[in-house]
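S.K.: Take a look at the following structure, please.
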Amino acid sequence: MITDVVVVGGGPNGLMLACELGLAGIRPLVLERLPEPSKEPKANGLLGQVVRMLDHRGLYERLSGSTEPPLPNSAYFMFGALNLDLSLLEDSPVHALPVPQHRIEQVLEERALELGAEIRRGHEVVGISQDEDAVTVEAVGPDGPYRLRARYLVGADGAHSVTRRLSGIGFPGVTYDRMTVRSAHATIPAEWVDPGTGSLTVPGYGTVPPFLPRRTERGGFSYAPLPGHPPLLSTTEWDQSGTDIPMSLDELRASIQRVLGVDVPIGPPDGEGPHVLRRLTGGNTRVAERFSDGRIFLVGDAAHVYSATGGGPGLNLGLQDAVNLGWKLAAEIRGSASPGLLESYGTERRAAAHRMVLNAQAQSALIAPGDDVTGLRAVFGELLRDRNTVRRLAELTTGADVRYDMGGPDPHPWVGRFAPELDLHTSTGTVRLAELTRTARPLLLDLTDDAVLAQTLSEWHHQIDVVTARPRTGAPTALLLRPDCHVAWASASPHPDTEDEQALRTALRGWLRPTG
């Protein structure tokens, strides 16, 4: 018996891929080395386009506990510990979802199981080989070693990916050993916290807004009062010798003293854990030399890792890897994929990964010590008074500037980008565009006066969803969304002609074979 897809790694990225495959009718097998989900504190939330992506899959409500759609942050954000004044923007691209990683994994596992995935915990992959037809996987489970065959194998097994190593894919990049980051959940004097803004007022230093890191000549400090948890305090320092002594709150307090120049009394965190108490020395920024090798693919940290820059770039990017790859693998398995569709996964997502490298490098440079950096920050701060500069950096940080090349001359400005926010007026009432993409099927949104386009694609109707509606003012008159919710084609004409119809068919043929 041969399995369609084996996913190595049952963390957020592997589980997200399992969900995407399940929506497309593919039942993957997930092999996870750990016998049970990890309770170790890791990521504290999600940021940027991935939040909207989860909304388009109906997962935002499960994770947030709210029936309201995600709203953008229109106040402030940060770039290299500099304030981005989002109030300058008419429509902020910054969406945030504060939720711990263990909860993200729990929700994604529940959804993957609902969609038919099989998840085997305590199963470790120890060997991989492939031929023209399939991948042979050697694994060890609770009952001993075994072997299975899969049409495709996806490594979602982290920065030290066994899948990447066994497939011979290089992982070039840079290792940094100068930086030491200390983090801990801790209590702080209650009178120091402004109940209105949540800001922390440190006597002798000043105000520290929540979630906005502060940079001094001696290092960096941040204060993150995450919902449902004690405040998370973090420092960043440079050029410190390593130590094997376990991290302690006293060590963090001494670090805060060095960075801010004043004492901040901190105590043990309240409530049940697990709580963060860690020291990280050094960091890596690496991107795999390729994201696939034959029938083997990489997603998430197996494909790219980044030094800490705020906003959890690795998890945000990895979940979007999974969404990009899922529908393409499913189309290939079903036989509906156009030639080259699977290859486009590496092309599109490596470009996004390298864009995040640029983000990480720029922010690291801006928080480094030194008078020259202080001067650079002063000039940079002046540039941040410009609305267009704020927008570009906000989009860079959140991944909202990712635009895939869909081919064709002079595409509509929305083509290649993630789906816009649209409220649509249909015959059954008003609906958000995000609510129409929960099935992960291609979607043709026909907003023309006579719904002409919806009537001309009979050979595609069993492969795509077609919705006719009236949009808000200023929207295109027709949109074609890929299953990953990126715009493949758009028209601004209220009365599409033959040329528009041909362009639409060309866009469809770029990733689906007509079988009607």
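Identifiers for the structure tokens are assigned positionally: chains receive A, B, ... in sequence, residues are indexed from 1 per chain, and ligands are indexed from 1 in the order shown.
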Give me, as a PyMOL selection string, all polymer residues having an atom no more than 6 Å from Phe221 (chain A), counting only C-alpha atoms and skipping those fewer than 4 positions away in the same chain.
M.R.: chain A and resi 213-214+234-235
S.K.: Fewer than 6 positions away in the same chain doesn't count, so skip those; otherwise give me all residues within 12 Å of region 62-64 of chain A, counting only C-alpha atoms, as JSON, numbers by chain.
M.R.: {"A": [45, 46, 51, 54, 55, 70, 71, 96, 97, 98, 99, 100, 101, 102, 103, 104, 105, 106, 107, 108, 110, 111, 227]}
S.K.: Pick out each residue of region 161-212 of chain A that DSSP on the backbone tags as strand (DSSP E or B); I need them as a ChimeraX atom specification.
M.R.: /A:173-185,187,193,200-202,206-208
S.K.: How would the residues just picked look written out with N, CA, C and O atoms as a PDB file, in the first residue's frame?
M.R.:
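The resulting file, again_16.pdb, is shown below:
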```pdb
ATOM      1  N   GLY A 173      23.896  29.884   5.122  1.00  0.00           N
ATOM      2  CA  GLY A 173      23.468  31.066   5.853  1.00  0.00           C
ATOM      3  C   GLY A 173      24.550  31.533   6.788  1.00  0.00           C
ATOM      4  O   GLY A 173      25.739  31.237   6.605  1.00  0.00           O
ATOM      5  N   VAL A 174      24.152  32.263   7.809  1.00  0.00           N
ATOM      6  CA  VAL A 174      25.096  32.881   8.730  1.00  0.00           C
ATOM      7  C   VAL A 174      24.709  32.525  10.154  1.00  0.00           C
ATOM      8  O   VAL A 174      23.533  32.554  10.520  1.00  0.00           O
ATOM      9  N   THR A 175      25.720  32.185  10.962  1.00  0.00           N
ATOM     10  CA  THR A 175      25.527  31.959  12.390  1.00  0.00           C
ATOM     11  C   THR A 175      26.096  33.153  13.154  1.00  0.00           C
ATOM     12  O   THR A 175      27.241  33.544  12.932  1.00  0.00           O
ATOM     13  N   TYR A 176      25.274  33.734  14.011  1.00  0.00           N
ATOM     14  CA  TYR A 176      25.698  34.867  14.824  1.00  0.00           C
ATOM     15  C   TYR A 176      25.974  34.380  16.235  1.00  0.00           C
ATOM     16  O   TYR A 176      25.161  33.665  16.816  1.00  0.00           O
ATOM     17  N   ASP A 177      27.103  34.783  16.815  1.00  0.00           N
ATOM     18  CA  ASP A 177      27.416  34.349  18.175  1.00  0.00           C
ATOM     19  C   ASP A 177      27.609  35.520  19.132  1.00  0.00           C
ATOM     20  O   ASP A 177      28.019  35.347  20.274  1.00  0.00           O
ATOM     21  N   ARG A 178      27.292  36.741  18.685  1.00  0.00           N
ATOM     22  CA  ARG A 178      27.509  37.925  19.518  1.00  0.00           C
ATOM     23  C   ARG A 178      26.360  38.175  20.488  1.00  0.00           C
ATOM     24  O   ARG A 178      26.546  38.762  21.535  1.00  0.00           O
ATOM     25  N   MET A 179      25.180  37.780  20.138  1.00  0.00           N
ATOM     26  CA  MET A 179      23.978  38.226  20.841  1.00  0.00           C
ATOM     27  C   MET A 179      23.517  37.214  21.886  1.00  0.00           C
ATOM     28  O   MET A 179      23.513  36.011  21.640  1.00  0.00           O
ATOM     29  N   THR A 180      23.128  37.723  23.059  1.00  0.00           N
ATOM     30  CA  THR A 180      22.526  36.896  24.098  1.00  0.00           C
ATOM     31  C   THR A 180      21.165  37.474  24.440  1.00  0.00           C
ATOM     32  O   THR A 180      21.054  38.661  24.781  1.00  0.00           O
ATOM     33  N   VAL A 181      20.130  36.645  24.334  1.00  0.00           N
ATOM     34  CA  VAL A 181      18.762  37.063  24.641  1.00  0.00           C
ATOM     35  C   VAL A 181      18.298  36.299  25.878  1.00  0.00           C
ATOM     36  O   VAL A 181      18.340  35.068  25.909  1.00  0.00           O
ATOM     37  N   ARG A 182      17.863  37.047  26.885  1.00  0.00           N
ATOM     38  CA  ARG A 182      17.335  36.447  28.108  1.00  0.00           C
ATOM     39  C   ARG A 182      15.856  36.797  28.214  1.00  0.00           C
ATOM     40  O   ARG A 182      15.480  37.963  28.033  1.00  0.00           O
ATOM     41  N   SER A 183      15.035  35.800  28.526  1.00  0.00           N
ATOM     42  CA  SER A 183      13.592  36.020  28.600  1.00  0.00           C
ATOM     43  C   SER A 183      13.024  35.252  29.782  1.00  0.00           C
ATOM     44  O   SER A 183      13.475  34.141  30.091  1.00  0.00           O
ATOM     45  N   ALA A 184      12.006  35.849  30.409  1.00  0.00           N
ATOM     46  CA  ALA A 184      11.350  35.157  31.521  1.00  0.00           C
ATOM     47  C   ALA A 184       9.984  35.767  31.782  1.00  0.00           C
ATOM     48  O   ALA A 184       9.787  36.985  31.634  1.00  0.00           O
ATOM     49  N   HIS A 185       9.039  34.927  32.177  1.00  0.00           N
ATOM     50  CA  HIS A 185       7.799  35.406  32.771  1.00  0.00           C
ATOM     51  C   HIS A 185       8.132  35.815  34.204  1.00  0.00           C
ATOM     52  O   HIS A 185       8.804  35.071  34.936  1.00  0.00           O
ATOM     53  N   THR A 187       6.900  38.707  37.704  1.00  0.00           N
ATOM     54  CA  THR A 187       6.045  39.760  38.239  1.00  0.00           C
ATOM     55  C   THR A 187       6.849  41.047  38.357  1.00  0.00           C
ATOM     56  O   THR A 187       8.066  41.019  38.551  1.00  0.00           O
ATOM     57  N   VAL A 193       2.590  49.848  36.220  1.00  0.00           N
ATOM     58  CA  VAL A 193       1.828  49.553  35.004  1.00  0.00           C
ATOM     59  C   VAL A 193       0.668  50.526  34.873  1.00  0.00           C
ATOM     60  O   VAL A 193      -0.154  50.657  35.792  1.00  0.00           O
ATOM     61  N   LEU A 200       4.694  50.338  30.789  1.00  0.00           N
ATOM     62  CA  LEU A 200       5.472  50.133  32.001  1.00  0.00           C
ATOM     63  C   LEU A 200       6.306  51.389  32.248  1.00  0.00           C
ATOM     64  O   LEU A 200       7.099  51.782  31.390  1.00  0.00           O
ATOM     65  N   THR A 201       6.106  52.045  33.382  1.00  0.00           N
ATOM     66  CA  THR A 201       6.894  53.229  33.740  1.00  0.00           C
ATOM     67  C   THR A 201       7.996  52.808  34.699  1.00  0.00           C
ATOM     68  O   THR A 201       7.728  52.393  35.835  1.00  0.00           O
ATOM     69  N   VAL A 202       9.244  52.898  34.252  1.00  0.00           N
ATOM     70  CA  VAL A 202      10.398  52.464  35.033  1.00  0.00           C
ATOM     71  C   VAL A 202      11.055  53.698  35.648  1.00  0.00           C
ATOM     72  O   VAL A 202      11.609  54.534  34.917  1.00  0.00           O
ATOM     73  N   GLY A 206      12.118  55.703  32.335  1.00  0.00           N
ATOM     74  CA  GLY A 206      11.033  56.275  31.557  1.00  0.00           C
ATOM     75  C   GLY A 206       9.986  55.231  31.214  1.00  0.00           C
ATOM     76  O   GLY A 206       9.878  54.183  31.854  1.00  0.00           O
ATOM     77  N   THR A 207       9.225  55.500  30.156  1.00  0.00           N
ATOM     78  CA  THR A 207       8.099  54.656  29.767  1.00  0.00           C
ATOM     79  C   THR A 207       8.524  53.619  28.732  1.00  0.00           C
ATOM     80  O   THR A 207       9.227  53.932  27.768  1.00  0.00           O
ATOM     81  N   VAL A 208       8.061  52.397  28.943  1.00  0.00           N
ATOM     82  CA  VAL A 208       8.288  51.301  27.993  1.00  0.00           C
ATOM     83  C   VAL A 208       6.918  50.825  27.521  1.00  0.00           C
ATOM     84  O   VAL A 208       6.202  50.151  28.268  1.00  0.00           O
TER      85      VAL A 208
END
```
S.K.: What gap, in Å, lies between CA of Asp4 (chain A) and CA of Tyr146 (chain A)?
M.R.: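 Computing it gives 17.4 Å between the two atoms.
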S.K.: Where in region 135-190 of chain A does DSSP assign helix (DSSP H, G or I), given as a ChimeraX atom specification?
M.R.: /A:162-166,190
S.K.: Please identify all polymer residues within 12 Å of Gly11 (chain A), counting only C-alpha atoms, omitting same-chain residues fewer than 5 positions from it, and present them as a ChimeraX atom specification.
M.R.: /A:16-18,30-34,36-39,42-43,101-109,112,119,121,155-158,299-302,315,318-319,322
S.K.: Which residues are close to Thr285 (chain A), i.e. within 12 Å by only C-alpha atoms, leaving aside same-chain residues fewer than 3 positions away? Reply as a compact mmCIF listing (two decimals) with N, CA and C atoms, in the first residue's frame.
M.R.:
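Below you can see out-v2.txt, which holds the result:
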```
# COMPACT_ATOMS: atom_id res chain seq x y z
N ALA A 159 14.36 23.19 12.49
CA ALA A 159 15.64 23.72 12.04
C ALA A 159 16.70 22.64 11.89
N PHE A 171 22.02 23.95 3.60
CA PHE A 171 21.34 24.94 4.43
C PHE A 171 22.29 26.12 4.67
N PRO A 172 22.61 26.85 3.61
CA PRO A 172 23.58 27.94 3.76
C PRO A 172 23.01 29.12 4.52
N GLY A 173 23.90 29.88 5.12
CA GLY A 173 23.47 31.07 5.85
C GLY A 173 24.55 31.53 6.79
N VAL A 174 24.15 32.26 7.81
CA VAL A 174 25.10 32.88 8.73
C VAL A 174 24.71 32.52 10.15
N THR A 175 25.72 32.18 10.96
CA THR A 175 25.53 31.96 12.39
C THR A 175 26.10 33.15 13.15
N TYR A 176 25.27 33.73 14.01
CA TYR A 176 25.70 34.87 14.82
C TYR A 176 25.97 34.38 16.23
N ASP A 177 27.10 34.78 16.81
CA ASP A 177 27.42 34.35 18.17
C ASP A 177 27.61 35.52 19.13
N GLY A 282 23.54 33.62 20.56
CA GLY A 282 23.74 33.46 19.13
C GLY A 282 22.43 33.27 18.39
N ALA A 288 17.29 27.15 2.96
CA ALA A 288 17.68 25.94 2.24
C ALA A 288 18.01 26.29 0.78
N ASP A 301 10.66 25.80 9.47
CA ASP A 301 12.05 25.91 9.91
C ASP A 301 12.96 24.90 9.21
N ALA A 303 13.07 24.64 6.17
CA ALA A 303 13.47 25.35 4.96
C ALA A 303 14.13 26.69 5.23
N HIS A 304 13.85 27.29 6.39
CA HIS A 304 14.41 28.62 6.68
C HIS A 304 14.36 28.91 8.17
N VAL A 305 15.40 29.54 8.70
CA VAL A 305 15.41 29.99 10.09
C VAL A 305 15.96 31.42 10.11
N TYR A 306 15.57 32.16 11.16
CA TYR A 306 15.93 33.58 11.25
C TYR A 306 16.35 33.92 12.66
N SER A 307 17.32 34.83 12.76
CA SER A 307 17.65 35.37 14.08
C SER A 307 16.47 36.20 14.55
N ALA A 308 16.32 36.30 15.87
CA ALA A 308 15.14 36.94 16.45
C ALA A 308 15.04 38.40 16.01
N THR A 309 13.91 38.78 15.43
CA THR A 309 13.68 40.16 15.00
C THR A 309 12.32 40.65 15.47
N PRO A 313 8.90 35.55 12.91
CA PRO A 313 8.90 35.39 11.46
C PRO A 313 8.89 33.94 11.00
N GLY A 314 9.56 33.05 11.75
CA GLY A 314 9.65 31.66 11.30
C GLY A 314 8.30 30.98 11.24
N ALA A 353 11.03 33.73 1.57
CA ALA A 353 12.00 33.50 2.63
C ALA A 353 13.15 34.49 2.55
N HIS A 354 13.65 34.74 1.35
CA HIS A 354 14.75 35.70 1.22
C HIS A 354 14.29 37.12 1.52
N MET A 356 12.24 37.75 3.90
CA MET A 356 12.30 37.78 5.35
C MET A 356 13.74 37.90 5.84
N VAL A 357 14.70 37.34 5.09
CA VAL A 357 16.11 37.52 5.45
C VAL A 357 16.47 39.00 5.43
N LEU A 358 16.03 39.70 4.40
CA LEU A 358 16.26 41.14 4.31
C LEU A 358 15.68 41.85 5.53
N ASN A 359 14.48 41.48 5.90
CA ASN A 359 13.83 42.05 7.08
C ASN A 359 14.67 41.80 8.33
N ALA A 360 15.10 40.55 8.52
CA ALA A 360 15.87 40.19 9.71
C ALA A 360 17.19 40.93 9.76
N GLN A 361 17.89 41.01 8.63
CA GLN A 361 19.18 41.69 8.60
C GLN A 361 19.04 43.17 8.89
N SER A 364 18.25 43.67 12.62
CA SER A 364 19.42 43.38 13.44
C SER A 364 20.42 44.53 13.40
```
S.K.: From the list A:Pro72, A:Gly346, A:Gly416, A:Pro231, which residue is nearest Arg403 (chain A) when using only C-alpha atoms?
M.R.: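 Looking at the shortest contact to Arg403 (chain A), the residue is A:Gly416.
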S.K.: Quick one: everything within 10 Å of Phe418 (chain A), counting only C-alpha atoms, minus sequence neighbours fewer than 5 positions away in the same chain. Send it as a PyMOL selection string.
M.R.: chain A and resi 49+52-53+399-404+481-482+484-488
S.K.: Which residues come within 8 Å of Thr216 (chain A), counting only C-alpha atoms, excluding same-chain residues fewer than 6 positions away, as a PDB file with N, CA, C and O atoms, in the first residue's frame?
M.R.:
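For reference, out.pdb as written:
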```pdb
ATOM      1  N   VAL A 259      21.247  47.013  30.893  1.00  0.00           N
ATOM      2  CA  VAL A 259      20.656  47.572  29.672  1.00  0.00           C
ATOM      3  C   VAL A 259      20.001  48.922  29.927  1.00  0.00           C
ATOM      4  O   VAL A 259      20.226  49.885  29.182  1.00  0.00           O
ATOM      5  N   LEU A 260      19.175  49.013  30.978  1.00  0.00           N
ATOM      6  CA  LEU A 260      18.423  50.239  31.238  1.00  0.00           C
ATOM      7  C   LEU A 260      19.157  51.203  32.156  1.00  0.00           C
ATOM      8  O   LEU A 260      18.799  52.391  32.237  1.00  0.00           O
ATOM      9  N   PRO A 369      24.705  47.725  18.913  1.00  0.00           N
ATOM     10  CA  PRO A 369      25.300  48.810  19.694  1.00  0.00           C
ATOM     11  C   PRO A 369      26.210  49.681  18.832  1.00  0.00           C
ATOM     12  O   PRO A 369      26.580  49.295  17.723  1.00  0.00           O
TER      13      PRO A 369
END
```
S.K.: To one decimal place, how far is CA of Glu138 (chain A) from CA of Arg165 (chain A) in Å?
M.R.: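 Rounded to one decimal, the two atoms are 14.4 Å apart.
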S.K.: Considering only C-alpha atoms, can you say which of A:Arg355, A:Arg215, A:Arg385, A:His229 comes closest to Asp270 (chain A)?
M.R.: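 Nearest to Asp270 (chain A): A:His229.
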S.K.: Go ahead and compute the interatomic distance for CA of Asp85 (chain A) and CA of Thr197 (chain A), in Å to one decimal.
M.R.: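 One can read the CA of Asp85 (chain A) to CA of Thr197 (chain A) distance as 15.7 Å.
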S.K.: Determine, counting only C-alpha atoms, which protein, DNA and RNA residues have an atom within 6 Å of an atom of region 494-503 of chain A; residues of the same chain fewer than 2 positions away are not included. Present the result as a VMD selection string.
M.R.: chain A and resid 448 to 449 477 505 to 506
S.K.: Could you list, with a cut-off of 7 Å and counting only C-alpha atoms, the residues of region 35-128 of chain A near region 20-26 of chain A, each shown with its nearest atom pair and the distance in Å rounded to one decimal, rows sorted by chain and ascending number, as a Markdown table?
M.R.:
```
| residue | atom | partner | partner_atom | distance |
| --- | --- | --- | --- | --- |
| A:Ala112 | CA | A:Gly22 | CA | 6.9 |
| A:Leu115 | CA | A:Gly22 | CA | 4.9 |
| A:Gly116 | CA | A:Gly22 | CA | 6.3 |
| A:Ala117 | CA | A:Gly22 | CA | 6.7 |
```
S.K.: Could you turn the residues from that selection into a file that holds N, CA and C atoms, as a short mmCIF file (atom, residue, chain, number, x, y, z; two decimals), in the first residue's frame?
M.R.:
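Printed below is again08.cif as written:
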```cif
data_model
loop_
_atom_site.label_atom_id
_atom_site.label_comp_id
_atom_site.auth_asym_id
_atom_site.auth_seq_id
_atom_site.Cartn_x
_atom_site.Cartn_y
_atom_site.Cartn_z
N ALA A 112 -7.07 18.96 11.72
CA ALA A 112 -6.49 17.94 10.84
C ALA A 112 -7.17 16.60 11.02
N LEU A 115 -10.48 16.42 9.39
CA LEU A 115 -10.39 16.32 7.93
C LEU A 115 -9.79 14.99 7.48
N GLY A 116 -9.55 14.08 8.41
CA GLY A 116 -9.15 12.73 8.03
C GLY A 116 -7.68 12.42 8.10
N ALA A 117 -6.85 13.30 8.65
CA ALA A 117 -5.43 13.00 8.76
C ALA A 117 -5.19 11.91 9.81
#
```
